[in-house]
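Structure first, then comments.
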Amino acid sequence: MTLTKSLSWTLRLAATLPFFYWLVGLFLEWHGVEPLVKINTQSGYVVLILLSINLLIGAVHALKWLDIKYYRFLYLERRWLGITCGFYAILHFVTYLAKESFLPKGWEQILTKNYLTAGSVAAFILLILMITSNDFSMRLLKKNWKKLHRLVYLAGFVMLFHIFQIEKANLVLLLLLITPVALIELIRIVKNLVALRNKN
């Protein structure tokens with residue numbers, strides 16, 4: 001097995017560890033008296049981290065700051081990271097409904113509370129991207145595939161709104177997570193605008 005494959009499988013294993021930790025913890029009662037609350041909160045952070053890593057890899061590649069040989073395994077695993085991110089987003093959504101015992105009130109709150117509406121929109125977008133993260137969808141959608149997957153930026157924006165609304169006490173942690181990605185994406189946008197201006 002090559003070093004790239006070894007690193008790729010290590011990354012995949014690391015990305016699945018939270019799920020198995022929560023699953024085993026349910027049986028061994030590691031999560032306290034409100035396990036669904038804990039899993040719901042932690043899965044939200046996992047989604048943010050995975051999405052941030054994915055966007056960071058894409059931005060670094062687009063800006064050509066590093067030779068791809070230094071992060072090839074990460075670049076090749078972007079699709080897997082996206083699928084995993086979508087899975088955790090759905091888990092986050094389902095655990096919210098489970099906290100509400102899947103009663104109509106839980107669904108109604110999605111429409112009446114802004115942070116829940118934003119979170120649901122982000123989860124839906126990530127679900128669509130997860131479903132279409134395969135070769136068949138790329139062949140079917142052709143050039144539209146890239147356009148569709150640019151919705152990841154919208155998902156990131158509404159997800160941040162969702163998290164900021166409910167985790168105001170942890171703003172420092174959130175800023176540490178998103179600032180590097182936000183700065184690099186800003187540089188990427190400015191570079192594209194300058195290139196477009198020079199072209200015209």
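Each chain in the structure tokens gets a letter, A, B, ..., in the order shown, and its residues are numbered from 1; ligands are numbered from 1 in order too.
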
* Asked: What residues in region 7-197 of chain A get the DSSP label alpha helix (DSSP H)? Please answer as a count of residues only.
  -> 162

Sorted by chain and rising residue number, which residues of region 12-106 of chain A lie within 7 Å of region 179-192 of chain A, and what are their closest atom pairs and distances in Å to one decimal, counting only C-alpha atoms, as a Markdown table?
| residue | atom | partner | partner_atom | distance |
| --- | --- | --- | --- | --- |
| A:Ser52 | CA | A:Val181 | CA | 6.3 |
| A:Leu55 | CA | A:Val181 | CA | 6.8 |
| A:Leu56 | CA | A:Val181 | CA | 5.5 |
| A:Ala59 | CA | A:Glu185 | CA | 6.2 |
| A:Leu63 | CA | A:Arg188 | CA | 6.5 |

* Contact residues around Leu129 (chain A) with only C-alpha atoms at 8 Å, ignoring same-chain residues under 2 positions, as a list in words -> Gly82, Ile83, Gly86, Ile125, Leu126, Leu127, Ile131, Thr132, Ser133, Leu148, His149 and Val152 of chain A

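Closest approach to Phe87 (chain A) among A:Phe124, A:Tyr153, A:Trp30, A:Phe73 is made by A:Phe124 (distances from only C-alpha atoms).
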
* Residue neighbourhood region 23-25 of chain A, 12 Å, only C-alpha atoms, exclusion window fewer than 5 positions, as a PyMOL selection string -> chain A and resi 16-18+30-36+38-39+91

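Comparing the minimum interatomic distances between Leu3 (chain A) and each of A:Tyr70, A:Lys64, A:Val94, A:Gln42, counting only C-alpha atoms, we find that A:Tyr70 sits nearest.
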